[in-house]
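The structure appears below as structure tokens.
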Amino acid sequence: MSVAYIPVQWNPNKWFYDAVLVLMCGLYIGLFLHYAPQFQDVTRPVDTAVHRARALGSCAFFMLTVILCIGPLARLDRRFLPLLYNRRHFGVLTCFVALGHAGFILDWYFAFSPVPQWNALLSSNVSYGQVLGFPFEAFGIFALFVLIVLAATSHDFWLSFLTAPVWKALHYLIYFAYAAVVAHVTFGVMQDLQNPLFGMAVALSAALVSGLHLWAALAEPRPETEAREGHWERVGLVAEIEEGCAKIGLLTTGERVAVFKHEGTLSAISNACAHQNGPLGEGRIVFGCVTCPWHGFQYQLRNGRSPDPFTETVPTYHLKVESGEIWVDNRPNPPGTDVEPIVIDPAAAAVKEAAHEDA
Amino acid sequence: METAATLLTVVEYWCYAGLALAAVFLTVGLDRVEPNARVSFIFRPLLLPGVVILWPLVAWRWWQLETGRDAPLARHRPPRAWHRRFWIVFACAIPAILILGLIVRQDGPYERPAVLLEPPEASQ
């Protein structure tokens, strides 16, 4: 949360996160450079510059694999949420590692090119009409371009300026980048790979990313619209919601609303955090404020405003309770609109819950 | 070679246009459309690569905010409708790419017989 932008919003947690990242990265590259030459065919020794390019390239691939695994893991198990917290720094570091890989490739294979290096790279293989021998460099260039775009738009300013939905749509390019990287590796180094170790690691990484995304997609709970009367839509029962938690309802407008129970009252706000559209309904109430599980942005329940001095706001919704059932007006109020919380009648809620259980 | 050179020239001019927009946006526009940036200057160079690459998008958003066409509620509608289907397609595409790449390997399951190439004319 910020009232004035600074270059990098570091805090002790992010320092620790970044230090571990850099350490792991350095360790991988060091081990690769030390041990990879031992796996080479001695009749065809690979040059040091190529080893360096491969060390950085494979490092970027595995970093991207981990980045993509974090999303579904955090959806499947809340204990992975801390990894999501600083994932953008992870992405920026991956971009720099990938740039290093590209730099080594250009400075080795095109060092003495009579034309500019990028021109030589783009024109050295143009067999786009065939599968075998397809210019795998194009996949790598596309992935590198995407990583640069995503790193360049990683500052919180971009989220605010473009809006979270546009920013997220842009950052969905990471999936296309990963597919391109898999193609770059498969149609590139793996075409000539004699040692199966790296091939197995690539296959395992791809299987992990695919499996986790499939698992998370199929396991994701899908809220359903329950009933509707005019603009009012039923989203559930009062007794279904635990104290300090929320019920997420899907409205017929396509929007999701988070109905929170807090100190004997009910309040409804948009489920989408103003920062990165994180699921507020999966967050907890800390010091009287809903706290986003992704990055900790906070909102007051009765008006959807971040506590001073912060300025973020989310839409609020009007609520009513009839016979223990929660009804939401599906027309969102402008972000930050004050709505009086509904005081829960314990008797009515309990009666309806008993009837629900009997049914 | 010519196609590559043309492509790189297009990229070059794209960057020039981006730099021109960035010069105006980062000095004048930013203060007008982003309240949290009004007293912040050190972070602005960090925005330069993004503005240069995405200058049409930046120009569009700037125009929207300047002319009051921004819809405040739109920023609370995440693109979730197709998210699940997208993940499923992605999960299937990755192994498909990998398997295709392994199938076309020269020493893969569908090995192609080696073809004797004609010697270059100059050496004949």
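Letters for chains follow the order of the structure tokens (A, B, ...), residue numbers begin at 1 for each chain, and ligand numbers begin at 1 in the order shown.
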Which chain B residues are at most 8 Å from chain A (counting only C-alpha atoms), as a PDB file with C-alpha atoms, in the first residue's frame?
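In the end it all went to result_37.pdb:
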ATOM      1  CA  MET B   1      18.398 -10.537 -44.166  1.00  0.00           C
ATOM      2  CA  THR B   3      13.196  -8.818 -43.652  1.00  0.00           C
ATOM      3  CA  ALA B   4      15.204  -8.870 -40.437  1.00  0.00           C
ATOM      4  CA  ALA B   5      16.653  -5.440 -41.162  1.00  0.00           C
ATOM      5  CA  LEU B   8      14.627  -4.016 -36.658  1.00  0.00           C
ATOM      6  CA  GLU B  34      -1.821   9.626 -11.022  1.00  0.00           C
ATOM      7  CA  ASN B  36       0.315   8.990  -5.918  1.00  0.00           C
ATOM      8  CA  ALA B  37       3.022  10.122  -8.365  1.00  0.00           C
ATOM      9  CA  ARG B  38       2.718  13.856  -7.733  1.00  0.00           C
ATOM     10  CA  VAL B  39       5.439  14.085  -5.126  1.00  0.00           C
ATOM     11  CA  SER B  40       7.482  11.172  -6.435  1.00  0.00           C
ATOM     12  CA  ILE B  42      12.921   9.059  -8.290  1.00  0.00           C
ATOM     13  CA  PHE B  43      10.730   6.166  -9.459  1.00  0.00           C
ATOM     14  CA  ARG B  44       9.923   7.745 -12.840  1.00  0.00           C
ATOM     15  CA  LEU B  46      11.793   2.947 -13.862  1.00  0.00           C
ATOM     16  CA  LEU B  47       8.673   3.581 -15.941  1.00  0.00           C
ATOM     17  CA  PRO B  49      11.044   1.018 -20.571  1.00  0.00           C
ATOM     18  CA  GLY B  50       7.351   0.265 -20.067  1.00  0.00           C
ATOM     19  CA  ILE B  53       7.377  -0.527 -25.269  1.00  0.00           C
ATOM     20  CA  VAL B  58      -0.142   4.360 -22.339  1.00  0.00           C
ATOM     21  CA  ARG B  61      -5.111   5.156 -20.874  1.00  0.00           C
ATOM     22  CA  PRO B  72     -14.268   3.368 -11.849  1.00  0.00           C
ATOM     23  CA  LEU B  73     -16.073   0.054 -11.436  1.00  0.00           C
ATOM     24  CA  ALA B  74     -14.253  -1.601 -14.363  1.00  0.00           C
ATOM     25  CA  ARG B  75     -11.076  -1.981 -12.303  1.00  0.00           C
ATOM     26  CA  HIS B  76     -12.961  -4.318  -9.975  1.00  0.00           C
ATOM     27  CA  ARG B  77     -13.965  -6.792 -12.685  1.00  0.00           C
ATOM     28  CA  PRO B  78     -11.030  -9.201 -12.995  1.00  0.00           C
ATOM     29  CA  PRO B  79     -10.884 -11.356 -16.146  1.00  0.00           C
ATOM     30  CA  ALA B  81     -14.698 -15.729 -16.774  1.00  0.00           C
ATOM     31  CA  ARG B  84     -10.317 -21.695 -15.673  1.00  0.00           C
ATOM     32  CA  ARG B  85     -10.625 -22.708 -19.326  1.00  0.00           C
ATOM     33  CA  TRP B  87      -5.495 -22.853 -17.441  1.00  0.00           C
ATOM     34  CA  ILE B  88      -6.862 -26.146 -18.768  1.00  0.00           C
ATOM     35  CA  PHE B  90      -2.391 -24.183 -21.107  1.00  0.00           C
ATOM     36  CA  ALA B  91      -1.963 -27.382 -19.081  1.00  0.00           C
ATOM     37  CA  CYS B  92      -2.645 -29.462 -22.210  1.00  0.00           C
ATOM     38  CA  ALA B  93      -0.533 -27.322 -24.575  1.00  0.00           C
ATOM     39  CA  ILE B  94       2.735 -27.626 -22.623  1.00  0.00           C
ATOM     40  CA  PRO B  95       3.061 -31.445 -22.816  1.00  0.00           C
ATOM     41  CA  ILE B  97       4.736 -28.985 -27.398  1.00  0.00           C
ATOM     42  CA  LEU B  98       7.229 -31.134 -25.519  1.00  0.00           C
ATOM     43  CA  GLY B 101       9.585 -31.658 -30.114  1.00  0.00           C
ATOM     44  CA  LEU B 102      10.723 -35.102 -28.975  1.00  0.00           C
ATOM     45  CA  VAL B 104      10.708 -34.798 -34.520  1.00  0.00           C
ATOM     46  CA  ARG B 105      14.154 -35.473 -33.074  1.00  0.00           C
ATOM     47  CA  GLN B 106      16.462 -37.074 -35.614  1.00  0.00           C
TER      48      GLN B 106
END
* Asked: What separation in Å, quoted to one decimal, exists between CA of Arg87 (chain A) and CA of Gln300 (chain A)?
  ->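 Distance reported for this atom pair: 26.3 Å.
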Spatial neighbours of Phe25 (chain B), max dist 10 Å, only C-alpha atoms, sep filter under 2 positions, as an mmCIF file with C-alpha atoms, in the first residue's frame:
data_model
loop_
_atom_site.group_PDB
_atom_site.id
_atom_site.type_symbol
_atom_site.label_atom_id
_atom_site.label_comp_id
_atom_site.auth_asym_id
_atom_site.auth_seq_id
_atom_site.Cartn_x
_atom_site.Cartn_y
_atom_site.Cartn_z
ATOM 1 C CA LEU B 19 10.616 7.928 -26.181
ATOM 2 C CA ALA B 20 8.773 10.992 -27.480
ATOM 3 C CA LEU B 21 5.616 10.037 -25.591
ATOM 4 C CA ALA B 22 7.627 9.128 -22.488
ATOM 5 C CA ALA B 23 9.268 12.557 -22.463
ATOM 6 C CA THR B 27 7.175 15.022 -16.978
ATOM 7 C CA VAL B 28 3.630 16.361 -17.471
ATOM 8 C CA GLY B 29 1.037 13.604 -17.864
ATOM 9 C CA LEU B 30 1.931 11.539 -14.831
ATOM 10 C CA ASP B 31 1.108 14.345 -12.391
ATOM 11 C CA ARG B 32 -2.262 14.903 -14.062
ATOM 12 C CA VAL B 33 -3.528 11.311 -13.982
ATOM 13 C CA LEU B 48 10.631 4.533 -19.054
ATOM 14 C CA VAL B 51 6.213 3.529 -21.663
ATOM 15 C CA TRP B 55 3.286 3.626 -25.753
ATOM 16 C CA VAL B 58 -0.142 4.360 -22.339
ATOM 17 C CA ALA B 59 -1.537 6.977 -24.748
ATOM 18 C CA TRP B 62 -3.864 8.730 -20.582
#
Would you list the contacts of Val257 (chain A) as a short mmCIF file (atom, residue, chain, number, x, y, z; two decimals) with N, CA and C atoms, in the first residue's frame, taking every protein, DNA or RNA residue within 10 Å and counting only C-alpha atoms, but skipping same-chain residues closer than 4 positions in sequence?
data_model
loop_
_atom_site.label_atom_id
_atom_site.label_comp_id
_atom_site.auth_asym_id
_atom_site.auth_seq_id
_atom_site.Cartn_x
_atom_site.Cartn_y
_atom_site.Cartn_z
N VAL A 235 -27.30 -14.92 -1.79
CA VAL A 235 -25.93 -15.45 -1.88
C VAL A 235 -25.64 -16.52 -0.83
N ALA A 246 -15.77 -14.66 5.24
CA ALA A 246 -16.73 -14.18 4.23
C ALA A 246 -17.31 -15.34 3.43
N LYS A 247 -18.45 -15.08 2.85
CA LYS A 247 -19.02 -15.97 1.83
C LYS A 247 -18.91 -15.21 0.51
N ILE A 248 -18.32 -15.89 -0.49
CA ILE A 248 -18.18 -15.25 -1.80
C ILE A 248 -19.37 -15.66 -2.67
N GLY A 249 -20.08 -14.68 -3.17
CA GLY A 249 -21.24 -14.95 -4.01
C GLY A 249 -20.98 -14.48 -5.44
N LEU A 250 -21.44 -15.28 -6.40
CA LEU A 250 -21.32 -14.88 -7.81
C LEU A 250 -22.67 -14.29 -8.24
N LEU A 251 -22.66 -13.03 -8.63
CA LEU A 251 -23.89 -12.37 -9.04
C LEU A 251 -24.15 -12.64 -10.52
N ALA A 268 -21.03 -6.14 2.87
CA ALA A 268 -20.66 -6.72 1.56
C ALA A 268 -19.80 -5.73 0.78
N ILE A 269 -18.69 -6.24 0.29
CA ILE A 269 -17.81 -5.44 -0.58
C ILE A 269 -17.46 -6.28 -1.81
N SER A 270 -16.89 -5.63 -2.81
CA SER A 270 -16.43 -6.37 -3.99
C SER A 270 -15.38 -7.38 -3.57
N ASN A 271 -15.38 -8.52 -4.25
CA ASN A 271 -14.38 -9.55 -3.92
C ASN A 271 -13.02 -9.21 -4.51
N ALA A 272 -12.96 -8.21 -5.40
CA ALA A 272 -11.71 -7.92 -6.10
C ALA A 272 -10.96 -6.75 -5.43
N PRO A 279 -8.45 -12.03 -4.18
CA PRO A 279 -9.76 -12.43 -3.66
C PRO A 279 -9.96 -11.98 -2.20
N LEU A 280 -10.58 -10.83 -2.02
CA LEU A 280 -10.76 -10.30 -0.66
C LEU A 280 -11.58 -11.24 0.22
N GLY A 281 -12.51 -11.96 -0.39
CA GLY A 281 -13.37 -12.87 0.38
C GLY A 281 -12.60 -14.03 0.99
N PRO A 315 -15.75 -1.18 -4.37
CA PRO A 315 -17.20 -0.97 -4.31
C PRO A 315 -17.82 -1.69 -3.11
N THR A 316 -18.89 -1.12 -2.59
CA THR A 316 -19.66 -1.77 -1.53
C THR A 316 -21.01 -2.18 -2.12
N TYR A 317 -21.75 -3.00 -1.38
CA TYR A 317 -23.07 -3.46 -1.84
C TYR A 317 -24.07 -3.30 -0.71
N VAL A 328 -28.26 -9.70 -1.69
CA VAL A 328 -27.37 -8.59 -2.08
C VAL A 328 -27.98 -7.85 -3.27
N ASN A 330 -27.51 -6.32 -6.54
CA ASN A 330 -26.41 -6.59 -7.50
C ASN A 330 -25.86 -5.34 -8.17
N PRO A 332 -23.47 -2.49 -7.78
CA PRO A 332 -22.42 -2.05 -6.85
C PRO A 332 -22.47 -0.54 -6.62
#
* region 187-359 of chain A: which residues are strand (DSSP E or B) by DSSP, as a PyMOL selection string? -> chain A and resi 227-229+232-237+246-250+256-262+265-270+272+279+284-286+289-291+298-300+305+313+316-317+319-322+325-329+342-343
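Coordinates place CA of Phe142 (chain A) at a distance of 18.6 Å from CA of Gln130 (chain A).
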* **Who sits within 12 Å of Asn195 (chain A), only C-alpha atoms, same chain under 6 positions skipped, as a PyMOL selection string** => chain A and resi 36-41+189+201
Written selection (C-alpha atoms) as a JSON list (two decimals), in the first residue's frame:
[["chain", "number", "residue", "atom", "x", "y", "z"],
["A", 36, "ALA", "CA", 28.19, -29.46, -16.47],
["A", 37, "PRO", "CA", 31.60, -29.88, -18.22],
["A", 38, "GLN", "CA", 31.89, -33.34, -16.63],
["A", 39, "PHE", "CA", 28.80, -34.52, -18.50],
["A", 40, "GLN", "CA", 30.17, -33.51, -21.89],
["A", 41, "ASP", "CA", 31.38, -35.83, -24.59],
["A", 189, "VAL", "CA", 19.09, -27.81, -27.21],
["A", 201, "ALA", "CA", 14.47, -32.13, -15.79]]
* What is the distance, in Å and to one decimal place, between CA of Phe260 (chain A) and CA of Val343 (chain A)? -> 11.9 Å
* Mind listing the helix (DSSP H, G or I) residues of region 12-229 of chain A, per DSSP on the backbone, as a ChimeraX atom specification? => /A:12-39,48-76,78-85,87-109,117-124,136-152,156-162,164-171,173-186,189-191,196-219
